[in-house]
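**Student:** final30.txt is the file, holding compact mmCIF, C-alpha atoms and all ligand atoms:
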# COMPACT_ATOMS: atom_id res chain seq x y z
CA MET A 1 91.57 34.93 -70.90
CA SER A 2 94.94 36.48 -71.54
CA ASP A 3 94.47 39.02 -74.34
CA GLU A 4 98.01 40.25 -74.81
CA LEU A 5 99.59 39.96 -78.22
CA GLU A 6 103.30 40.12 -78.95
CA LEU A 7 104.07 41.33 -82.47
CA ILE A 8 106.71 39.08 -84.04
CA SER A 9 106.86 40.61 -87.51
CA ALA A 10 105.05 43.06 -89.78
CA THR A 11 105.58 42.87 -93.52
CA LYS A 12 103.95 45.19 -96.03
CA SER A 13 102.20 43.33 -98.83
CA PHE A 14 99.98 44.71 -101.61
CA GLY A 15 99.41 47.89 -99.60
CA GLY A 16 98.30 45.94 -96.53
CA TRP A 17 100.19 44.24 -93.72
CA LEU A 18 101.03 40.63 -92.96
CA LYS A 19 101.56 40.40 -89.23
CA ARG A 20 102.57 37.51 -87.01
CA TYR A 21 101.73 37.49 -83.33
CA LYS A 22 102.52 35.33 -80.33
CA HIS A 23 100.07 34.97 -77.48
CA ARG A 24 99.23 32.79 -74.53
CA SER A 25 96.36 30.40 -75.26
CA ASP A 26 94.17 29.38 -72.35
CA ALA A 27 92.36 26.81 -74.50
CA LEU A 28 95.62 25.06 -75.43
CA HIS A 29 97.71 25.82 -72.32
CA CYS A 30 100.69 26.96 -74.36
CA ASP A 31 102.04 29.89 -76.35
CA MET A 32 100.77 30.10 -79.91
CA ILE A 33 101.62 32.06 -83.04
CA PHE A 34 99.13 33.18 -85.67
CA ALA A 35 99.38 35.22 -88.86
CA ILE A 36 96.89 37.83 -90.01
CA TYR A 37 96.78 39.68 -93.31
CA LEU A 38 95.17 43.12 -93.03
CA PRO A 39 94.19 44.63 -96.38
CA PRO A 40 94.77 48.35 -97.09
CA ALA A 41 91.07 49.05 -96.36
CA ALA A 42 91.65 48.06 -92.71
CA GLU A 43 93.56 51.35 -92.23
CA GLU A 44 90.28 53.23 -92.57
CA LYS A 45 87.42 50.93 -91.62
CA SER A 46 86.57 47.55 -90.19
CA VAL A 47 86.77 44.67 -92.65
CA PRO A 48 85.40 41.11 -92.94
CA LEU A 49 87.57 38.12 -92.06
CA LEU A 50 88.39 34.87 -93.84
CA TRP A 51 89.57 32.03 -91.63
CA TRP A 52 92.12 29.74 -93.27
CA LEU A 53 92.78 26.39 -91.58
CA SER A 54 95.89 24.66 -92.85
CA GLY A 55 96.69 20.99 -93.26
CA LEU A 56 99.07 18.42 -91.80
CA THR A 57 102.60 19.62 -91.04
CA CYS A 58 101.71 23.30 -91.56
CA THR A 59 102.18 26.31 -89.32
CA ASP A 60 100.65 29.77 -89.67
CA GLU A 61 103.20 30.43 -92.43
CA ASN A 62 102.50 27.97 -95.27
CA PHE A 63 99.35 29.61 -96.62
CA MET A 64 100.67 33.16 -96.31
CA GLN A 65 103.89 32.26 -98.14
CA LYS A 66 102.57 29.91 -100.82
CA ALA A 67 98.91 30.51 -101.67
CA GLY A 68 99.35 33.96 -103.20
CA ALA A 69 96.15 35.21 -101.56
CA GLN A 70 97.27 38.70 -100.53
CA ARG A 71 96.82 40.44 -103.89
CA ILE A 72 93.14 39.55 -104.18
CA ALA A 73 92.48 39.92 -100.43
CA ALA A 74 93.87 43.47 -100.72
CA GLU A 75 91.66 44.18 -103.73
CA LEU A 76 88.55 42.75 -102.04
CA GLY A 77 89.24 44.32 -98.63
CA ILE A 78 89.25 41.01 -96.74
CA ALA A 79 91.47 40.18 -93.77
CA ILE A 80 92.78 36.60 -93.54
CA ILE A 81 93.64 34.80 -90.33
CA CYS A 82 95.89 31.72 -90.34
CA PRO A 83 96.11 29.91 -87.01
CA ASP A 84 98.68 27.21 -86.39
CA THR A 85 97.61 23.56 -86.75
CA SER A 86 98.28 22.27 -83.22
CA PRO A 87 99.46 23.29 -79.78
CA ARG A 88 103.19 24.08 -79.70
CA GLY A 89 106.02 23.86 -77.21
CA THR A 90 104.54 20.85 -75.48
CA GLU A 91 106.36 17.56 -75.03
CA LEU A 92 103.72 14.85 -74.78
CA PRO A 93 104.85 11.26 -75.33
CA GLY A 94 105.14 10.59 -79.07
CA GLU A 95 103.87 14.07 -79.93
CA HIS A 96 106.51 14.83 -82.54
CA GLU A 97 107.02 11.35 -84.00
CA ARG A 98 104.43 11.34 -86.79
CA TYR A 99 103.50 13.98 -89.35
CA ASP A 100 99.80 13.01 -89.15
CA PHE A 101 99.30 13.05 -85.37
CA GLY A 102 100.38 15.33 -82.53
CA SER A 103 102.26 18.50 -83.41
CA GLY A 104 101.19 19.90 -86.78
CA ALA A 105 98.15 17.65 -86.77
CA GLY A 106 95.57 18.85 -84.24
CA PHE A 107 92.63 18.04 -86.56
CA TYR A 108 90.62 20.98 -85.13
CA VAL A 109 88.91 18.74 -82.56
CA ASN A 110 88.71 18.90 -78.77
CA ALA A 111 90.64 15.87 -77.55
CA THR A 112 89.08 13.89 -74.74
CA GLU A 113 91.79 11.23 -74.34
CA SER A 114 94.74 11.63 -72.00
CA PRO A 115 97.34 13.06 -72.41
CA TRP A 116 96.04 15.00 -75.44
CA ASN A 117 93.03 16.43 -73.64
CA ARG A 118 95.04 19.01 -71.72
CA HIS A 119 96.36 20.82 -74.82
CA TYR A 120 94.70 19.54 -77.99
CA HIS A 121 91.57 21.71 -78.02
CA MET A 122 92.07 23.23 -81.44
CA TYR A 123 88.31 23.44 -82.05
CA ASP A 124 87.81 25.68 -79.02
CA TYR A 125 90.89 27.65 -80.03
CA VAL A 126 89.68 28.47 -83.56
CA THR A 127 85.98 28.90 -82.79
CA GLU A 128 86.09 30.61 -79.37
CA GLU A 129 89.40 31.87 -78.05
CA LEU A 130 90.97 33.26 -81.21
CA PRO A 131 87.79 34.97 -82.52
CA ALA A 132 87.42 36.82 -79.19
CA LEU A 133 91.07 37.85 -79.26
CA LEU A 134 90.88 39.09 -82.85
CA GLU A 135 87.75 41.09 -82.13
CA THR A 136 89.60 42.94 -79.36
CA HIS A 137 92.71 43.77 -81.34
CA PHE A 138 91.84 44.24 -85.02
CA PRO A 139 89.47 46.37 -87.13
CA LEU A 140 87.06 43.56 -88.02
CA ASN A 141 83.39 44.05 -88.86
CA GLY A 142 82.14 40.81 -87.30
CA LYS A 143 81.50 39.04 -90.63
CA ALA A 144 83.48 35.86 -91.16
CA ALA A 145 83.90 33.15 -93.79
CA ILE A 146 85.97 29.99 -93.48
CA SER A 147 88.14 27.84 -95.74
CA GLY A 148 91.05 25.46 -95.48
CA HIS A 149 93.08 22.64 -96.95
CA SER A 150 93.12 18.90 -96.30
CA MET A 151 92.93 18.46 -92.50
CA GLY A 152 92.11 22.18 -92.41
CA GLY A 153 89.54 21.84 -95.20
CA HIS A 154 87.76 19.36 -92.97
CA GLY A 155 88.29 21.73 -90.05
CA ALA A 156 86.57 24.49 -92.02
CA LEU A 157 83.66 22.18 -92.86
CA ILE A 158 83.09 21.08 -89.25
CA CYS A 159 83.42 24.62 -87.86
CA ALA A 160 80.73 25.77 -90.31
CA LEU A 161 78.50 22.73 -89.79
CA LYS A 162 78.70 22.96 -85.99
CA ASN A 163 78.07 26.72 -85.86
CA PRO A 164 75.07 27.66 -88.00
CA GLY A 165 74.94 31.41 -88.62
CA ARG A 166 78.56 32.00 -87.63
CA TYR A 167 80.08 32.08 -91.13
CA THR A 168 78.69 33.59 -94.30
CA SER A 169 80.26 30.87 -96.46
CA VAL A 170 82.52 27.84 -96.34
CA SER A 171 84.86 26.28 -98.87
CA ALA A 172 87.61 23.69 -98.83
CA PHE A 173 90.55 22.48 -100.89
CA ALA A 174 91.06 18.71 -100.89
CA PRO A 175 89.43 18.24 -97.47
CA ILE A 176 89.65 15.00 -95.50
CA CYS A 177 85.89 14.64 -95.95
CA ASN A 178 85.19 11.56 -93.87
CA PRO A 179 87.91 11.16 -91.23
CA SER A 180 86.08 8.34 -89.43
CA GLN A 181 86.60 6.22 -92.54
CA CYS A 182 90.16 6.94 -93.67
CA PRO A 183 93.59 5.98 -92.27
CA TRP A 184 94.64 9.53 -91.27
CA GLY A 185 91.37 10.20 -89.47
CA GLU A 186 91.05 6.78 -87.85
CA PHE A 187 94.48 7.07 -86.30
CA ALA A 188 94.04 10.66 -85.14
CA PHE A 189 90.49 10.24 -83.82
CA THR A 190 91.44 7.09 -81.91
CA GLY A 191 94.27 9.02 -80.27
CA TYR A 192 92.36 12.22 -79.55
CA LEU A 193 88.82 10.93 -79.00
CA GLY A 194 89.20 7.30 -78.01
CA LYS A 195 88.13 4.00 -79.56
CA ASP A 196 84.36 4.49 -79.38
CA LYS A 197 83.43 5.57 -82.89
CA THR A 198 80.10 7.02 -81.79
CA ASP A 199 82.16 9.80 -80.16
CA TRP A 200 83.70 10.58 -83.54
CA ARG A 201 80.43 11.49 -85.20
CA GLU A 202 80.33 15.06 -83.94
CA TRP A 203 83.77 15.63 -85.49
CA ASP A 204 83.17 14.13 -88.93
CA ALA A 205 81.79 16.39 -91.68
CA CYS A 206 79.88 13.57 -93.40
CA GLU A 207 78.21 12.54 -90.15
CA LEU A 208 77.41 16.18 -89.29
CA VAL A 209 75.83 16.78 -92.69
CA LYS A 210 73.64 13.71 -92.20
CA SER A 211 72.66 14.48 -88.59
CA HIS A 212 72.41 18.30 -88.67
CA GLY A 213 72.12 19.33 -92.33
CA SER A 214 73.66 22.69 -93.17
CA ASP A 215 72.51 26.28 -93.42
CA LEU A 216 75.27 26.91 -95.96
CA ALA A 217 76.04 25.45 -99.35
CA LEU A 218 79.41 23.66 -99.33
CA MET A 219 82.09 24.33 -101.96
CA VAL A 220 84.97 21.91 -102.48
CA ASP A 221 87.82 21.78 -105.00
CA GLN A 222 89.64 18.47 -105.37
CA GLY A 223 92.53 17.66 -107.72
CA ASP A 224 92.14 14.28 -109.39
CA ALA A 225 95.93 13.72 -109.46
CA ASP A 226 96.16 14.21 -105.68
CA ASN A 227 97.96 11.14 -104.29
CA PHE A 228 96.10 11.40 -100.99
CA TYR A 229 92.79 11.38 -102.89
CA GLN A 230 93.95 8.36 -104.87
CA ASP A 231 94.99 6.62 -101.62
CA GLY A 232 91.50 7.04 -100.12
CA GLN A 233 92.39 9.63 -97.46
CA LEU A 234 90.07 12.38 -98.69
CA LYS A 235 86.84 10.71 -99.90
CA PRO A 236 84.93 13.59 -101.54
CA GLU A 237 82.47 10.97 -102.81
CA ALA A 238 81.40 10.28 -99.20
CA LEU A 239 80.66 13.99 -98.71
CA GLN A 240 78.76 13.99 -101.99
CA ALA A 241 76.65 11.04 -100.83
CA ALA A 242 76.01 12.60 -97.40
CA CYS A 243 74.98 15.92 -98.98
CA LYS A 244 72.69 14.13 -101.38
CA GLU A 245 71.05 12.20 -98.53
CA ALA A 246 70.62 15.35 -96.40
CA GLU A 247 69.71 17.58 -99.37
CA VAL A 248 72.61 19.93 -98.61
CA PRO A 249 73.83 21.82 -101.69
CA LEU A 250 77.42 20.88 -102.53
CA THR A 251 79.58 22.18 -105.36
CA LEU A 252 82.31 19.59 -105.78
CA ARG A 253 84.75 20.49 -108.54
CA MET A 254 87.12 17.75 -109.57
CA GLN A 255 90.11 19.59 -111.05
CA PRO A 256 91.89 17.48 -113.65
CA GLY A 257 95.65 17.03 -113.22
CA TYR A 258 96.02 18.93 -109.92
CA ASP A 259 97.78 17.39 -106.93
CA HIS A 260 97.54 18.09 -103.17
CA SER A 261 100.08 20.90 -103.03
CA TYR A 262 99.96 24.64 -102.62
CA PHE A 263 100.37 24.90 -106.43
CA PHE A 264 96.81 23.56 -106.56
CA ILE A 265 95.61 25.98 -103.87
CA ALA A 266 97.31 28.94 -105.55
CA SER A 267 95.56 28.03 -108.82
CA PHE A 268 92.07 28.38 -107.33
CA ILE A 269 92.45 30.69 -104.32
CA ASP A 270 91.31 33.76 -106.27
CA ASN A 271 88.06 32.01 -107.08
CA HIS A 272 87.50 31.06 -103.43
CA LEU A 273 88.31 34.59 -102.21
CA ARG A 274 85.84 36.12 -104.66
CA TYR A 275 83.21 33.56 -103.63
CA HIS A 276 83.66 34.46 -99.96
CA ALA A 277 83.78 38.21 -100.69
CA HIS A 278 80.43 37.94 -102.45
CA HIS A 279 78.86 36.23 -99.41
CA LEU A 280 80.59 38.49 -96.88
CA ARG A 281 79.31 41.56 -98.71
CA SER A 282 75.72 40.39 -98.98
CA ALA A 283 75.45 39.10 -95.38
N1 LIG B 301 104.63 15.48 -95.19
C1 LIG B 301 103.60 14.61 -95.69
C2 LIG B 301 102.63 15.37 -96.51
C3 LIG B 301 101.93 16.39 -95.71
C4 LIG B 301 101.20 17.33 -96.62
O1 LIG B 301 101.04 17.14 -97.82
N2 LIG B 301 100.76 18.37 -96.00
C5 LIG B 301 99.98 19.33 -96.71
C6 LIG B 301 98.65 19.46 -96.01
S1 LIG B 301 97.89 17.86 -95.84
C7 LIG B 301 100.68 20.66 -96.72
O2 LIG B 301 100.04 21.68 -96.86
N3 LIG B 301 101.99 20.66 -96.54
C8 LIG B 301 102.76 21.87 -96.38
C9 LIG B 301 103.12 22.60 -97.64
O3 LIG B 301 102.93 22.07 -98.74
O4 LIG B 301 103.58 23.75 -97.52
C10 LIG B 301 104.24 13.56 -96.55
O5 LIG B 301 105.41 13.66 -96.75
O6 LIG B 301 103.53 12.67 -97.01
In structure tokens, what does this structure look like?
Ligand SMILES: N[C@@H](CCC(=O)N[C@@H](CS)C(=O)NCC(=O)O)C(=O)O

**Tutor:**
Amino acid sequence: MSDELELISATKSFGGWLKRYKHRSDALHCDMIFAIYLPPAAEEKSVPLLWWLSGLTCTDENFMQKAGAQRIAAELGIAIICPDTSPRGTELPGEHERYDFGSGAGFYVNATESPWNRHYHMYDYVTEELPALLETHFPLNGKAAISGHSMGGHGALICALKNPGRYTSVSAFAPICNPSQCPWGEFAFTGYLGKDKTDWREWDACELVKSHGSDLALMVDQGDADNFYQDGQLKPEALQAACKEAEVPLTLRMQPGYDHSYFFIASFIDNHLRYHAHHLRSA
């Protein structure tokens, strides 16, 4: 594994530092950029880490610029890592044509279908390669929590469900809860994983809850004025039903009037950060 990092920028924020790095990814066979926020406490000691997985069309920058998480992360002494949402710099056929597939839309799975299977291994990237790289380069104490939005909210759920014991806590904003059963997920999974829907089960949070259960309680915020929720892309009710069947504790908060945007995320991010800080501290 190449473990060299090239610093792109360092910006002081709430006493800590927001840094962007470029590195070579062996999992994705391309250069990648990620952003990490290091709270002031990281100057003196190792700190816990919150993973943030972003949604369709995002890069490492959306969350750091729009969620307003740095003030509370600084106060709580939590680092935040924002990976990108797909391989970059590749030119696969049709890769940049749609906002919900290809670049900006890696869905945090390991693609098995050609030509996506050479680069689109975002699951390996966020659960194996990047954690090892971060451990080498940053003052982290080995404790990690995970959260995300939409495609990334689902990414956070599947990373937690597939890796018991890895994260102290998991939460999601407007996750695509049941990708096997919604237009976004059906299109992406067909492209990345093929037509056989039995192969999709290990990448669908509702199926994973039913087949594996969960060692963690799940926490989800969903705006009821979210157009993607209203269009049937997100399906929190399916996650609710799966959790009920598998007796997995789920806190699903329907937030009246909120849409799918970062204004919604910014409204509740403090609550999620404090939730994760509580679990990271007591782990
Ligand atoms: N571009 C799409 C919407 C994509 C979208 O809403 N992406 C969400 C995640 S699913 C997002 O975070 N966008 C970037 C941003 O708001 O900064 C559209 O026009 O319908």

**Student:** List as a compact mmCIF listing (two decimals) with C-alpha atoms, in the frame of the given file the protein and nucleic acid residues near Leu5 (chain A), meaning an atom at most 8 Å away when only C-alpha atoms are counted, but skip any in the same chain fewer than 6 places from it.

**Tutor:**
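Heads up, here's the output in around_36.txt:
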# COMPACT_ATOMS: atom_id res chain seq x y z
CA TYR A 21 101.73 37.49 -83.33
CA LYS A 22 102.52 35.33 -80.33
CA HIS A 23 100.07 34.97 -77.48

**Student:** Give me, as a tab-separated table, the closest atom pair and its distance (Å, one decimal) for every residue of chain A within a cut-off of 8 Å of ligand LIG 301 (chain B), counting only C-alpha atoms and all ligand atoms, rows sorted by chain and rising number.

**Tutor:**
residue	atom	partner	partner_atom	distance
A:Ser54	CA	B:LIG301	O2	6.5
A:Gly55	CA	B:LIG301	C6	3.7
A:Leu56	CA	B:LIG301	S1	4.2
A:Thr57	CA	B:LIG301	N2	5.4
A:Cys58	CA	B:LIG301	C8	5.1
A:Asn62	CA	B:LIG301	O4	4.9
A:Phe63	CA	B:LIG301	O4	7.3
A:Lys66	CA	B:LIG301	O4	7.1
A:Tyr99	CA	B:LIG301	N1	6.1
A:Asp100	CA	B:LIG301	C3	7.7
A:His149	CA	B:LIG301	C6	6.5
A:Ser150	CA	B:LIG301	S1	4.9
A:Met151	CA	B:LIG301	S1	6.0
A:Gly152	CA	B:LIG301	C6	7.9
A:His260	CA	B:LIG301	O1	6.5
A:Ser261	CA	B:LIG301	O3	5.3
A:Tyr262	CA	B:LIG301	O3	5.5

**Student:** If you keep C-alpha atoms, can you produce a file of those selected residues as a PDB file, keeping the file's coordinate frame?

**Tutor:**
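For reference, part_26.pdb as written:
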ATOM      1  CA  SER A  54      95.890  24.660 -92.850  1.00  0.00           C
ATOM      2  CA  GLY A  55      96.690  20.990 -93.260  1.00  0.00           C
ATOM      3  CA  LEU A  56      99.070  18.420 -91.800  1.00  0.00           C
ATOM      4  CA  THR A  57     102.600  19.620 -91.040  1.00  0.00           C
ATOM      5  CA  CYS A  58     101.710  23.300 -91.560  1.00  0.00           C
ATOM      6  CA  ASN A  62     102.500  27.970 -95.270  1.00  0.00           C
ATOM      7  CA  PHE A  63      99.350  29.610 -96.620  1.00  0.00           C
ATOM      8  CA  LYS A  66     102.570  29.910-100.820  1.00  0.00           C
ATOM      9  CA  TYR A  99     103.500  13.980 -89.350  1.00  0.00           C
ATOM     10  CA  ASP A 100      99.800  13.010 -89.150  1.00  0.00           C
ATOM     11  CA  HIS A 149      93.080  22.640 -96.950  1.00  0.00           C
ATOM     12  CA  SER A 150      93.120  18.900 -96.300  1.00  0.00           C
ATOM     13  CA  MET A 151      92.930  18.460 -92.500  1.00  0.00           C
ATOM     14  CA  GLY A 152      92.110  22.180 -92.410  1.00  0.00           C
ATOM     15  CA  HIS A 260      97.540  18.090-103.170  1.00  0.00           C
ATOM     16  CA  SER A 261     100.080  20.900-103.030  1.00  0.00           C
ATOM     17  CA  TYR A 262      99.960  24.640-102.620  1.00  0.00           C
TER      18      TYR A 262
END

**Student:** With distances taken over only C-alpha atoms, which of A:Arg118, A:Arg71, A:His278, A:Lys45 is nearest to Leu140 (chain A)?

**Tutor:**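 Residue with the minimum atom-to-atom distance to Leu140 (chain A): A:Lys45.
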
**Student:** Could you give me, as CSV, a per-residue list for region 45-122 of chain A showing, wherever an atom lies at most 6 Å from an atom of region 26-41 of chain A, the closest pair of atoms and their distance in Å to one decimal, using all atoms listed in the file and sorting by chain then residue number from low to high?

**Tutor:**
residue,atom,partner,partner_atom,distance
A:Asp60,CA,A:Phe34,CA,5.5
A:Ala74,CA,A:Pro39,CA,4.5
A:Gly77,CA,A:Pro39,CA,5.4
A:Ala79,CA,A:Leu38,CA,4.8
A:Ile80,CA,A:Tyr37,CA,5.1
A:Ile81,CA,A:Ile36,CA,4.5
A:Cys82,CA,A:Ala35,CA,5.2
A:Pro83,CA,A:Phe34,CA,4.6
A:His119,CA,A:Leu28,CA,4.3
A:His121,CA,A:Leu28,CA,5.9

**Student:** Any idea what's packed within 12 Å of Gln230 (chain A), counting all atoms listed in the file, ignoring anything in its chain fewer than 4 positions away? Could you give it as a list in words?

**Tutor:**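 Skipping anything fewer than 4 positions along the chain leaves Ala174, Cys182, Gln222, Gly223, Asp224, Ala225, Asp226, Leu234, Lys235, Pro236, Glu237, Tyr258, Asp259 and His260 of chain A.
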
**Student:** Could you please determine the separation between CA of Leu134 (chain A) and CA of Ser171 (chain A) in Å, to one decimal place?

**Tutor:**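 CA of Leu134 (chain A) sits 21.4 Å away from CA of Ser171 (chain A).
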
**Student:** Could you tell me which of A:Glu95, A:Gly185, A:Val248, A:Pro139 comes closest to Glu44 (chain A) if we count only C-alpha atoms?

**Tutor:**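 Nearest to Glu44 (chain A): A:Pro139.
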
**Student:** Ranking A:Leu208, A:Ala283, A:Val126, A:Ile269 by minimum distance to Met64 (chain A) and counting only C-alpha atoms, which one comes first?

**Tutor:**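 Closest residue, counting only C-alpha atoms: A:Ile269.
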
**Student:** Give, as lines of an AutoDock Vina configuration file, the centre coordinates and the x, y and z edge lengths in Å to one decimal for an axis-aligned box around all listed atoms of region 200-207 of chain A, padded by 3 Å on each side.

**Tutor:**
center_x = 81.0
center_y = 13.5
center_z = -88.5
size_x = 11.6
size_y = 11.8
size_z = 15.9

**Student:** Just give me the gap between CA of Thr198 (chain A) and CA of Asn110 (chain A) in Å, one decimal is fine.

**Tutor:**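 We find that CA of Thr198 (chain A) and CA of Asn110 (chain A) lie 15.0 Å from each other.
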
**Student:** Figure out the distance between CA of Asp270 (chain A) and CA of Gly15 (chain A), please, to one decimal in Å.

**Tutor:**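 Interatomic distance here is 17.6 Å.
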
**Student:** Select, from A:Cys177, A:Ala156, A:Val220, A:Ala67, the residue with the minimum atom-to-atom distance to Pro249 (chain A), counting all atoms listed in the file.

**Tutor:** A:Val220

**Student:** Considering all atoms listed in the file, state which residue in the set A:Tyr275, A:Tyr108, A:Trp17, A:Tyr123 is at the smallest distance from Pro179 (chain A).

**Tutor:** A:Tyr108

**Student:** Can you list, as a JSON list (two decimals) with C-alpha atoms, keeping the file's coordinate frame, every protein, DNA or RNA residue that comes within 9 Å of Leu218 (chain A) when you count only C-alpha atoms, leaving out same-chain residues fewer than 3 positions away?

**Tutor:**
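Produced file selection.json, reproduced below:
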[["chain", "number", "residue", "atom", "x", "y", "z"],
["A", 157, "LEU", "CA", 83.66, 22.18, -92.86],
["A", 169, "SER", "CA", 80.26, 30.87, -96.46],
["A", 170, "VAL", "CA", 82.52, 27.84, -96.34],
["A", 171, "SER", "CA", 84.86, 26.28, -98.87],
["A", 172, "ALA", "CA", 87.61, 23.69, -98.83],
["A", 214, "SER", "CA", 73.66, 22.69, -93.17],
["A", 243, "CYS", "CA", 74.98, 15.92, -98.98],
["A", 248, "VAL", "CA", 72.61, 19.93, -98.61],
["A", 249, "PRO", "CA", 73.83, 21.82, -101.69],
["A", 250, "LEU", "CA", 77.42, 20.88, -102.53],
["A", 251, "THR", "CA", 79.58, 22.18, -105.36],
["A", 252, "LEU", "CA", 82.31, 19.59, -105.78]]

**Student:** Using all atoms listed in the file, which residue out of A:Ser180, A:Gly191, A:Met219, A:Ser25 lies closest to Glu128 (chain A)?

**Tutor:**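 When distances to Glu128 (chain A) are compared using all atoms listed in the file, the smallest one comes from A:Ser25.
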